$ cat structure00.cif   # mmCIF, C-alpha atoms
data_entry
#
loop_
_atom_site.label_atom_id
_atom_site.label_comp_id
_atom_site.auth_asym_id
_atom_site.auth_seq_id
_atom_site.Cartn_x
_atom_site.Cartn_y
_atom_site.Cartn_z
CA MET A 1 -51.27 64.58 -1.04
CA ALA A 2 -54.41 62.40 -1.16
CA ASP A 3 -53.57 61.28 -4.70
CA LEU A 4 -50.04 60.24 -3.54
CA ASN A 5 -51.42 58.18 -0.66
CA ALA A 6 -53.90 56.50 -2.99
CA ALA A 7 -51.09 55.61 -5.38
CA LEU A 8 -49.04 54.08 -2.52
CA VAL A 9 -51.96 52.01 -1.37
CA GLU A 10 -52.74 50.67 -4.84
CA THR A 11 -49.15 49.41 -5.58
CA THR A 12 -46.97 46.69 -3.98
CA ILE A 13 -43.73 44.76 -4.74
CA CYS A 14 -43.60 41.11 -5.91
CA GLU A 15 -41.88 38.82 -3.40
CA ASP A 16 -40.19 36.69 -6.12
CA CYS A 17 -39.00 39.10 -8.82
CA SER A 18 -39.26 42.44 -6.88
CA THR A 19 -41.29 44.06 -9.60
CA LEU A 20 -43.98 46.68 -8.97
CA VAL A 21 -47.50 45.20 -8.82
CA VAL A 22 -50.55 47.47 -9.27
CA ARG A 23 -53.54 46.67 -7.11
CA ARG A 24 -56.58 46.42 -9.39
CA SER A 25 -59.33 46.58 -6.73
CA PRO A 26 -59.30 48.49 -3.47
CA ARG A 27 -61.02 45.54 -1.83
CA GLY A 28 -59.56 42.20 -0.79
CA ARG A 29 -55.97 41.24 0.07
CA ARG A 30 -52.96 42.90 -1.46
CA PRO A 31 -51.28 40.82 -4.22
CA ARG A 32 -47.97 39.22 -3.13
CA PHE A 33 -46.78 38.18 -6.60
CA CYS A 34 -47.03 39.51 -10.10
CA GLU A 35 -49.05 37.76 -12.82
CA ALA A 36 -45.97 36.04 -14.33
CA CYS A 37 -44.87 34.64 -10.96
CA VAL A 38 -48.43 33.50 -10.18
CA ALA A 39 -48.60 31.63 -13.49
CA GLN A 40 -45.21 30.01 -12.90
CA ARG A 41 -46.24 28.88 -9.43
CA ASP A 42 -49.47 27.42 -10.81
CA ARG A 43 -47.56 25.45 -13.45
CA ALA A 44 -45.11 24.11 -10.83
CA SER A 45 -47.96 23.11 -8.52
CA ARG A 46 -49.79 21.30 -11.31
CA ALA A 47 -46.61 19.50 -12.40
CA ALA A 48 -45.95 18.34 -8.80
CA LYS A 49 -49.50 17.07 -8.49
CA ALA A 50 -49.14 15.22 -11.80
CA ARG A 51 -45.87 13.60 -10.65
CA ARG A 52 -47.46 12.48 -7.39
CA TRP A 53 -50.44 11.10 -9.28
CA ARG A 54 -48.23 9.13 -11.71
CA ALA A 55 -46.05 7.87 -8.85
CA SER A 56 -49.08 6.59 -6.94
CA ARG A 57 -50.25 4.59 -9.96
CA LYS A 58 -46.85 3.42 -11.24
CA VAL A 59 -46.07 -0.31 -11.19
CA ALA A 60 -42.60 -1.40 -10.05
CA ARG A 61 -40.37 -2.24 -12.99
CA PRO A 62 -39.10 -5.82 -12.99
CA ALA A 63 -35.41 -6.62 -12.68
CA VAL A 64 -33.51 -7.42 -15.86
CA GLN A 65 -30.34 -9.41 -16.45
CA CYS A 66 -27.12 -7.79 -17.59
CA ARG A 67 -26.23 -8.60 -21.20
CA TYR A 68 -22.59 -9.27 -20.39
CA CYS A 69 -22.78 -11.12 -17.03
CA PRO A 70 -25.33 -13.07 -14.94
CA ALA A 71 -25.98 -10.11 -12.59
CA MET A 72 -29.54 -8.82 -12.18
CA ILE A 73 -30.27 -5.08 -12.55
CA THR A 74 -33.07 -3.20 -10.83
CA PRO A 75 -34.02 -0.36 -13.22
CA ALA A 76 -34.91 3.10 -11.98
CA GLU A 77 -38.48 4.36 -11.89
CA ASP A 78 -37.94 6.66 -14.87
CA GLY A 79 -35.71 6.53 -17.88
CA PRO A 80 -34.54 3.73 -20.17
CA VAL A 81 -33.77 0.22 -18.96
CA PRO A 82 -30.00 -0.22 -18.44
CA LYS A 83 -28.14 -2.79 -20.50
CA ARG A 84 -25.16 -3.30 -18.20
CA CYS A 85 -24.68 -3.72 -14.47
CA PRO A 86 -22.48 -1.15 -12.64
CA ASP A 87 -19.37 -3.37 -12.87
CA CYS A 88 -19.78 -3.99 -16.60
CA THR A 89 -20.53 -0.30 -17.15
CA ARG A 90 -17.34 0.69 -15.35
CA LYS A 91 -15.33 -1.85 -17.36
CA HIS A 92 -16.93 -0.64 -20.60
CA VAL A 93 -16.07 2.99 -19.79
CA ASN A 94 -12.48 2.06 -18.87
CA ASP A 95 -12.07 0.06 -22.08
CA LYS A 96 -13.33 2.98 -24.15
CA ALA A 97 -10.97 5.37 -22.35
CA THR A 98 -8.07 2.96 -22.93
CA VAL A 99 -8.84 2.74 -26.64
CA ARG A 100 -9.16 6.52 -26.83
CA ARG A 101 -5.80 7.03 -25.11
CA ARG A 102 -4.18 4.41 -27.36
CA ASP A 103 -5.54 6.08 -30.47
CA ALA A 104 -4.38 9.47 -29.25
CA ALA A 105 -0.89 8.08 -28.55
CA ALA A 106 -0.74 6.49 -32.00
CA ARG A 107 -1.90 9.74 -33.59
CA ARG A 108 0.76 11.69 -31.68
CA GLN A 109 3.34 9.13 -32.76
CA VAL A 110 2.46 9.70 -36.38
CA GLU A 111 1.80 13.43 -36.34
CA GLY A 112 4.18 14.34 -33.50
CA ARG A 113 3.88 16.99 -30.82
CA TRP A 114 4.94 20.57 -31.47
CA SER A 115 5.91 23.38 -29.13
CA ILE A 116 7.22 26.94 -29.29
CA CYS A 117 10.60 27.89 -27.83
CA GLN A 118 10.35 30.20 -24.80
CA GLU A 119 13.79 31.78 -25.32
CA ASP A 120 13.62 35.56 -25.72
CA GLY A 121 13.98 36.47 -29.38
CA CYS A 122 13.70 32.89 -30.64
CA GLY A 123 10.06 31.70 -30.72
CA ALA A 124 10.91 28.80 -33.05
CA ARG A 125 8.39 26.02 -33.50
CA PHE A 126 9.99 22.60 -32.95
CA ARG A 127 8.84 19.01 -32.73
CA CYS A 128 8.76 17.23 -29.31
CA ALA A 129 8.89 13.58 -28.35
CA ALA A 130 5.66 11.58 -28.47
CA ARG A 131 5.77 10.97 -24.69
CA GLY A 132 7.11 12.81 -21.68
CA PRO A 133 7.15 16.48 -20.69
CA ILE A 134 7.25 19.22 -23.29
CA PRO A 135 10.64 20.99 -23.30
CA ARG A 136 10.82 24.73 -22.79
CA TRP A 137 13.56 25.42 -25.33
CA CYS A 138 14.27 24.29 -28.84
CA PRO A 139 17.36 22.12 -29.58
CA THR A 140 19.31 25.24 -30.61
CA CYS A 141 18.67 27.17 -27.34
CA LYS A 142 18.73 24.22 -24.92
CA PRO A 143 22.58 23.93 -24.62
CA ARG A 144 22.66 27.43 -23.10
CA HIS A 145 20.54 26.30 -20.15
CA LEU A 146 22.14 22.94 -19.33
CA ASN A 147 24.22 24.28 -16.41
CA ASP A 148 21.65 26.74 -15.06
CA TYR A 149 19.84 24.26 -12.76
CA LYS A 150 20.79 25.32 -9.22
CA ALA A 151 24.31 26.17 -10.36
CA ASP A 152 24.26 29.59 -8.72
CA LYS A 153 23.03 28.15 -5.39
CA ILE A 154 25.39 25.17 -5.26
CA ALA A 155 28.71 26.53 -6.49
CA PRO A 156 28.51 30.25 -7.28
CA VAL A 157 32.26 30.85 -6.83
CA ARG A 158 33.98 27.80 -5.30
CA GLU A 159 34.78 24.68 -7.28
CA ALA A 160 35.59 22.37 -4.31
CA VAL A 161 35.00 22.14 -0.55
CA ARG A 162 36.78 20.40 2.31
CA CYS A 163 35.20 17.24 3.79
CA ALA A 164 33.33 17.93 7.02
CA ASP A 165 35.02 14.97 8.81
CA CYS A 166 38.50 14.91 7.28
CA ASP A 167 40.87 17.08 5.20
CA VAL A 168 40.02 15.55 1.82
CA ILE A 169 38.95 18.02 -0.89
CA VAL A 170 35.53 17.16 -2.36
CA PRO A 171 34.79 18.63 -5.83
CA LEU A 172 31.46 20.36 -6.23
CA LYS A 173 28.95 19.30 -8.87
CA ARG A 174 27.63 21.79 -11.39
CA LYS A 175 24.26 20.03 -11.56
CA GLY A 176 22.35 18.46 -8.68
CA TYR A 177 23.27 18.41 -4.99
CA SER A 178 26.94 18.36 -4.00
CA LEU A 179 28.43 16.16 -1.28
CA ARG A 180 29.60 17.62 2.02
CA ARG A 181 31.77 14.59 2.80
CA CYS A 182 34.01 12.24 0.86
CA LYS A 183 32.70 8.77 0.07
CA PRO A 184 34.50 6.88 2.94
CA CYS A 185 33.29 9.42 5.50
CA ALA A 186 29.78 9.41 4.04
CA LYS A 187 29.57 5.59 4.29
CA LYS A 188 30.94 5.68 7.85
CA ARG A 189 28.38 8.31 8.84
CA GLN A 190 25.56 6.35 7.22
CA TYR A 191 26.59 3.20 9.10
CA ALA A 192 26.75 5.12 12.40
CA GLN A 193 23.28 6.59 11.87
CA SER A 194 21.84 3.16 11.00
CA HIS A 195 23.51 1.61 14.06
CA GLN A 196 22.15 4.35 16.32
CA TRP A 197 18.66 3.87 14.88
CA TRP A 198 18.71 0.17 15.79
CA VAL A 199 20.21 0.84 19.23
CA GLU A 200 17.33 3.18 20.07
CA ARG A 201 14.83 0.44 19.11
CA PRO A 202 15.92 -2.78 20.88
CA GLU A 203 12.57 -4.54 20.35
CA LEU A 204 12.75 -4.06 16.58
CA LEU A 205 16.41 -5.12 16.58
CA ARG A 206 15.55 -8.38 18.34
CA VAL A 207 12.74 -9.12 15.87
CA HIS A 208 15.02 -8.25 12.92
CA ARG A 209 17.78 -10.57 14.13
CA ARG A 210 15.32 -13.37 14.84
CA GLU A 211 13.80 -13.17 11.35
CA ARG A 212 17.24 -12.96 9.79
CA GLY A 213 18.31 -16.13 11.62
CA ARG A 214 15.18 -17.99 10.53
CA ARG A 215 15.67 -16.93 6.93
CA ARG A 216 19.35 -17.93 7.00
CA ARG A 217 18.65 -21.38 8.45
CA ALA A 218 15.83 -22.04 5.99
CA ASP A 219 17.95 -20.99 3.00
CA ARG A 220 20.94 -22.99 4.17
CA ARG A 221 18.92 -26.20 4.52
CA ALA A 222 16.62 -25.53 1.52
CA ALA A 223 13.54 -25.71 3.77
CA PRO A 224 10.14 -24.30 2.76
CA ARG A 225 9.59 -20.86 4.26
CA GLU A 226 6.61 -18.50 4.41
CA LEU A 227 6.56 -14.81 5.27
CA PHE A 228 4.34 -14.07 8.27
CA ALA A 229 4.48 -12.10 11.50
CA ASP A 230 4.65 -13.72 14.93
CA LEU A 231 1.60 -11.71 15.98
CA GLU A 232 -0.42 -13.49 13.29
CA ILE A 233 0.33 -16.87 14.89
CA TYR A 234 -0.34 -15.52 18.38
CA GLU A 235 -3.77 -14.24 17.40
CA ARG A 236 -4.55 -17.44 15.49
CA ASP A 237 -3.90 -19.55 18.61
CA GLY A 238 -5.82 -17.12 20.83
CA TRP A 239 -2.79 -16.36 23.05
CA ILE A 240 -2.96 -19.91 24.49
CA CYS A 241 0.24 -21.90 24.93
CA GLN A 242 -0.17 -24.97 22.71
CA ILE A 243 2.22 -27.06 24.87
CA GLY A 244 1.08 -26.23 28.43
CA ASN A 245 -2.48 -25.22 27.43
CA HIS A 246 -2.45 -22.07 29.58
CA PRO A 247 -3.03 -18.41 28.65
CA VAL A 248 -0.10 -16.17 27.74
CA ASP A 249 -0.03 -12.49 28.68
CA PRO A 250 0.66 -10.31 25.58
CA ALA A 251 2.24 -7.61 27.78
CA VAL A 252 5.06 -9.90 28.96
CA ARG A 253 8.29 -9.33 27.03
CA HIS A 254 11.39 -11.40 26.33
CA PRO A 255 13.36 -12.81 28.23
CA ASP A 256 10.58 -13.45 30.78
CA PRO A 257 9.81 -17.22 30.91
CA ALA A 258 6.10 -16.46 30.47
CA CYS A 259 6.53 -14.48 27.23
CA ALA A 260 5.12 -15.69 23.91
CA THR A 261 7.43 -17.43 21.41
CA ILE A 262 7.16 -19.35 18.14
CA ASP A 263 7.57 -23.11 18.46
CA HIS A 264 8.12 -25.44 15.48
CA ILE A 265 6.00 -28.59 15.75
CA LEU A 266 8.62 -30.51 13.75
CA PRO A 267 11.81 -29.00 15.22
CA GLN A 268 14.52 -27.52 13.08
CA SER A 269 16.93 -30.29 14.01
CA TYR A 270 14.92 -32.81 11.93
CA ARG A 271 14.97 -33.26 8.20
CA GLY A 272 11.84 -31.99 6.48
CA TRP A 273 11.15 -29.17 8.93
CA SER A 274 9.66 -25.96 7.50
CA HIS A 275 8.98 -22.43 8.69
CA THR A 276 5.35 -22.37 7.56
CA ARG A 277 2.07 -21.56 9.25
CA THR A 278 1.14 -25.23 9.56
CA ASN A 279 4.40 -26.11 11.33
CA VAL A 280 4.46 -23.28 13.89
CA ARG A 281 2.40 -22.58 16.98
CA LEU A 282 2.37 -20.37 20.07
CA ALA A 283 4.31 -21.52 23.12
CA CYS A 284 5.59 -19.72 26.18
CA LEU A 285 9.35 -19.50 26.53
CA ASP A 286 9.47 -21.88 29.51
CA CYS A 287 7.52 -24.66 27.75
CA ASN A 288 9.46 -24.08 24.52
CA ASN A 289 12.81 -24.50 26.28
CA ARG A 290 11.70 -27.60 28.24
CA ARG A 291 10.32 -29.24 25.13
CA GLN A 292 13.64 -28.94 23.23
CA ASN A 293 13.34 -31.14 20.10
CA LYS A 294 10.97 -33.83 21.38
CA VAL A 295 8.03 -34.88 19.22
CA SER A 296 4.89 -36.56 20.60
CA ASP A 297 2.58 -39.02 18.83
CA ALA A 298 -0.21 -36.43 18.62
CA GLU A 299 2.13 -34.00 16.87
CA LEU A 300 3.20 -36.74 14.44
CA ASP A 301 -0.44 -37.49 13.63
CA TYR A 302 -1.09 -33.78 13.07
CA LEU A 303 1.83 -33.59 10.62
CA GLY A 304 1.01 -36.93 8.98
CA LEU A 305 4.39 -38.47 9.83
CA ARG A 306 5.56 -41.73 11.34
CA ARG A 307 8.07 -42.29 14.07
CA GLU A 308 10.35 -44.03 11.57
CA ASP A 309 10.39 -40.92 9.36
CA LEU A 310 12.18 -38.80 11.97
CA ARG A 311 15.79 -38.21 10.96
CA LEU A 312 18.08 -35.79 12.72
CA ILE A 313 20.24 -33.49 10.63
CA ARG A 314 23.82 -34.51 11.33
CA PRO A 315 25.93 -31.38 11.95
CA GLN A 316 28.64 -30.72 9.40
CA ARG A 317 32.15 -31.75 10.40
CA ARG A 318 35.29 -29.79 9.64
CA ARG A 319 38.79 -31.18 9.05
CA ARG A 320 42.11 -29.79 7.89
CA SER A 321 42.87 -30.31 4.21
CA ALA A 322 46.05 -32.26 3.51
CA ARG A 323 46.70 -30.28 0.33
CA THR A 324 46.07 -26.68 1.42
CA GLY A 325 46.23 -26.98 5.20
CA ARG A 326 42.95 -25.08 5.63
CA PHE A 327 39.78 -26.26 7.39
CA VAL A 328 37.12 -27.56 4.99
CA THR A 329 33.56 -28.78 5.58
CA VAL A 330 32.91 -32.50 5.23
CA SER A 331 29.41 -33.31 4.00
CA THR A 332 27.84 -36.68 4.82
CA ASN A 333 24.62 -38.35 3.75
CA GLU A 334 24.38 -40.48 6.86
CA THR A 335 21.26 -39.91 8.95
CA GLU A 336 20.55 -40.87 12.46
CA ALA A 337 17.11 -41.93 13.71
CA MET A 338 16.26 -40.74 17.18
CA VAL A 339 12.98 -41.17 19.04
CA PHE A 340 11.84 -38.83 21.78
CA GLU A 341 8.82 -38.80 24.03
CA VAL A 342 7.26 -35.73 25.60
CA PRO A 343 7.10 -36.15 29.40
CA ASP A 344 3.73 -36.02 31.10
CA GLY A 345 2.92 -32.77 32.81
CA PRO A 346 4.58 -29.37 32.48
#

$ encode --input "structure00.cif" --output "structure tokens"
Amino acid sequence: MADLNAALVETTICEDCSTLVVRRSPRGRRPRFCEACVAQRDRASRAAKARRWRASRKVARPAVQCRYCPAMITPAEDGPVPKRCPDCTRKHVNDKATVRRRDAAARRQVEGRWSICQEDGCGARFRCAARGPIPRWCPTCKPRHLNDYKADKIAPVREAVRCADCDVIVPLKRKGYSLRRCKPCAKKRQYAQSHQWWVERPELLRVHRRERGRRRRADRRAAPRELFADLEIYERDGWICQIGNHPVDPAVRHPDPACATIDHILPQSYRGWSHTRTNVRLACLDCNNRRQNKVSDAELDYLGLRREDLRLIRPQRRRRSARTGRFVTVSTNETEAMVFEVPDGP
């Protein structure tokens, strides 16, 4: 029993590798690690001390210029000096990948792609197209599977169904999704759904009609037009009415007189007007309606125009044709000069 206790006292287990460590001397502390683990820890400690010593005496590496652009590169503490900046490196890698893909495509074009037919009992090796997905069946077995795609789910027994809205017979398709309605009923239903969608969103409908009217007027008169949102102009002008010089509440909606609207500095009734960012500004509905199509001297200076350059667009006249008896549009090149002044005060 004494010998067993002595053996237990003289042995311990390494904390790193869990191996049995024999205690050489009965005096002193018990060993926590084996000789191999102690040596490894000593090497790691010396290497860490050496790294800290080299880092404390290392001089910062100077920045170098990229070989392919004027950018300056700060090299890392260790390793070789880079030749390219991150942008040029990324471009270089992408160019190499592009060349590699192009070479692979050219090699496939010459050599061709090959596949094995998955039909039971066939297993033939056939050539595929250079691009696109790899087919599952060879050209001999493929005709057997042309009508298998969803054919059992779409039309297992029936060959035609009755329209859901009328009594017209609609033939079923053997491939793809079949229609539940005939074409006139499908178009009518699509129009009804679209109309209901706009009815449920009156604000979007008003914006859509307003933009459609602006686009139609600009196209009809061949006026310059830019695509922008009204909110962009409102935020550019800081929600300040450019006519009355008073703030406009963004929460107020049309048709409230205090709501925000788009006002054309050179009105649409004049020749040369445009729906561009430079010719529009924020104005409340009340000031916009009271202004009508009047142009002040300050607005003319802003647009770089003179009072003599203002020409109203004469509306097109319609008369009955003597030959056909129908109403036709009479175009005229006559212009009419009109001068307006903006009244003082709101």

$ axis_aligned_box --input "structure00.cif" --around "region 71-83 of chain A" --padding-each-side "4 Å" --output "JSON"
{"center_x": -32.2, "center_y": -1.7, "center_z": -15.7, "size_x": 20.5, "size_y": 24.8, "size_z": 17.7}

$ residues_around --input "structure00.cif" --residues "region 69-86 of chain A" --least-positions-apart "4" --cutoff "12 Å" --atoms "only C-alpha atoms" --output "list in words"
Arg51, Arg54, Ala55, Ser56, Arg57, Lys58, Val59, Ala60, Arg61, Pro62, Ala63, Val64, Gln65, Arg90, Lys91, His92 and Val93 of chain A

$ atom_distance --input "structure00.cif" --atom1 "CA of Asp95 (chain A)" --atom2 "CA of Arg108 (chain A)"
19.8 Å

$ atom_distance --input "structure00.cif" --atom1 "CA of Asp297 (chain A)" --atom2 "CA of Gly244 (chain A)"
16.1 Å

$ residues_around --input "structure00.cif" --residues "region 273-288 of chain A" --least-positions-apart "3" --cutoff "7 Å" --atoms "all atoms listed in the file" --output "list in words"
Ala223, Pro224, Arg225, Glu226, Ile233, Tyr234, Asp237, Ile240, Cys241, Gln242, Ile243, Gly244, Val248, Pro257, Ala258, Cys259, Ala260, Thr261, Ile262, Asp263, His264, Ile265, Leu266, Pro267, Gln268, Tyr270, Arg291 and Gln292 of chain A

$ atom_distance --input "structure00.cif" --atom1 "CA of Ala229 (chain A)" --atom2 "CA of Glu200 (chain A)"
21.7 Å

$ residues_around --input "structure00.cif" --residues "region 113-122 of chain A" --least-positions-apart "5" --cutoff "12 Å" --atoms "all atoms listed in the file" --output "ChimeraX atom specification"
/A:104-108,127-145

$ write_last_selection --input "structure00.cif" --atoms "C-alpha atoms" --output "mmCIF file, in the frame of the given file"
data_model
loop_
_atom_site.group_PDB
_atom_site.id
_atom_site.type_symbol
_atom_site.label_atom_id
_atom_site.label_comp_id
_atom_site.auth_asym_id
_atom_site.auth_seq_id
_atom_site.Cartn_x
_atom_site.Cartn_y
_atom_site.Cartn_z
ATOM 1 C CA ALA A 104 -4.380 9.470 -29.250
ATOM 2 C CA ALA A 105 -0.890 8.080 -28.550
ATOM 3 C CA ALA A 106 -0.740 6.490 -32.000
ATOM 4 C CA ARG A 107 -1.900 9.740 -33.590
ATOM 5 C CA ARG A 108 0.760 11.690 -31.680
ATOM 6 C CA ARG A 127 8.840 19.010 -32.730
ATOM 7 C CA CYS A 128 8.760 17.230 -29.310
ATOM 8 C CA ALA A 129 8.890 13.580 -28.350
ATOM 9 C CA ALA A 130 5.660 11.580 -28.470
ATOM 10 C CA ARG A 131 5.770 10.970 -24.690
ATOM 11 C CA GLY A 132 7.110 12.810 -21.680
ATOM 12 C CA PRO A 133 7.150 16.480 -20.690
ATOM 13 C CA ILE A 134 7.250 19.220 -23.290
ATOM 14 C CA PRO A 135 10.640 20.990 -23.300
ATOM 15 C CA ARG A 136 10.820 24.730 -22.790
ATOM 16 C CA TRP A 137 13.560 25.420 -25.330
ATOM 17 C CA CYS A 138 14.270 24.290 -28.840
ATOM 18 C CA PRO A 139 17.360 22.120 -29.580
ATOM 19 C CA THR A 140 19.310 25.240 -30.610
ATOM 20 C CA CYS A 141 18.670 27.170 -27.340
ATOM 21 C CA LYS A 142 18.730 24.220 -24.920
ATOM 22 C CA PRO A 143 22.580 23.930 -24.620
ATOM 23 C CA ARG A 144 22.660 27.430 -23.100
ATOM 24 C CA HIS A 145 20.540 26.300 -20.150
#

$ residues_around --input "structure00.cif" --residues "Glu35 (chain A)" --least-positions-apart "4" --cutoff "12 Å" --atoms "all atoms listed in the file" --output "PDB file with C-alpha atoms, keeping the file's coordinate frame"
ATOM      1  CA  ILE A  13     -43.730  44.760  -4.740  1.00  0.00           C
ATOM      2  CA  CYS A  14     -43.600  41.110  -5.910  1.00  0.00           C
ATOM      3  CA  GLU A  15     -41.880  38.820  -3.400  1.00  0.00           C
ATOM      4  CA  ASP A  16     -40.190  36.690  -6.120  1.00  0.00           C
ATOM      5  CA  CYS A  17     -39.000  39.100  -8.820  1.00  0.00           C
ATOM      6  CA  THR A  19     -41.290  44.060  -9.600  1.00  0.00           C
ATOM      7  CA  LEU A  20     -43.980  46.680  -8.970  1.00  0.00           C
ATOM      8  CA  VAL A  21     -47.500  45.200  -8.820  1.00  0.00           C
ATOM      9  CA  VAL A  22     -50.550  47.470  -9.270  1.00  0.00           C
ATOM     10  CA  ARG A  23     -53.540  46.670  -7.110  1.00  0.00           C
ATOM     11  CA  ARG A  24     -56.580  46.420  -9.390  1.00  0.00           C
ATOM     12  CA  PRO A  31     -51.280  40.820  -4.220  1.00  0.00           C
ATOM     13  CA  ALA A  39     -48.600  31.630 -13.490  1.00  0.00           C
ATOM     14  CA  GLN A  40     -45.210  30.010 -12.900  1.00  0.00           C
ATOM     15  CA  ARG A  41     -46.240  28.880  -9.430  1.00  0.00           C
ATOM     16  CA  ASP A  42     -49.470  27.420 -10.810  1.00  0.00           C
TER      17      ASP A  42
END

$ residues_around --input "structure00.cif" --residues "Pro184 (chain A)" --least-positions-apart "3" --cutoff "12 Å" --atoms "only C-alpha atoms" --output "list in words"
Cys163, Ala164, Asp165, Cys166, Val168, Val170, Leu179, Arg180, Arg181, Lys187, Lys188, Arg189, Gln190 and Tyr191 of chain A

$ closest_residue --input "structure00.cif" --among "A:Asn94, A:Pro26, A:Arg323, A:Cys34" --to "Thr12 (chain A)" --atoms "all atoms listed in the file"
A:Cys34
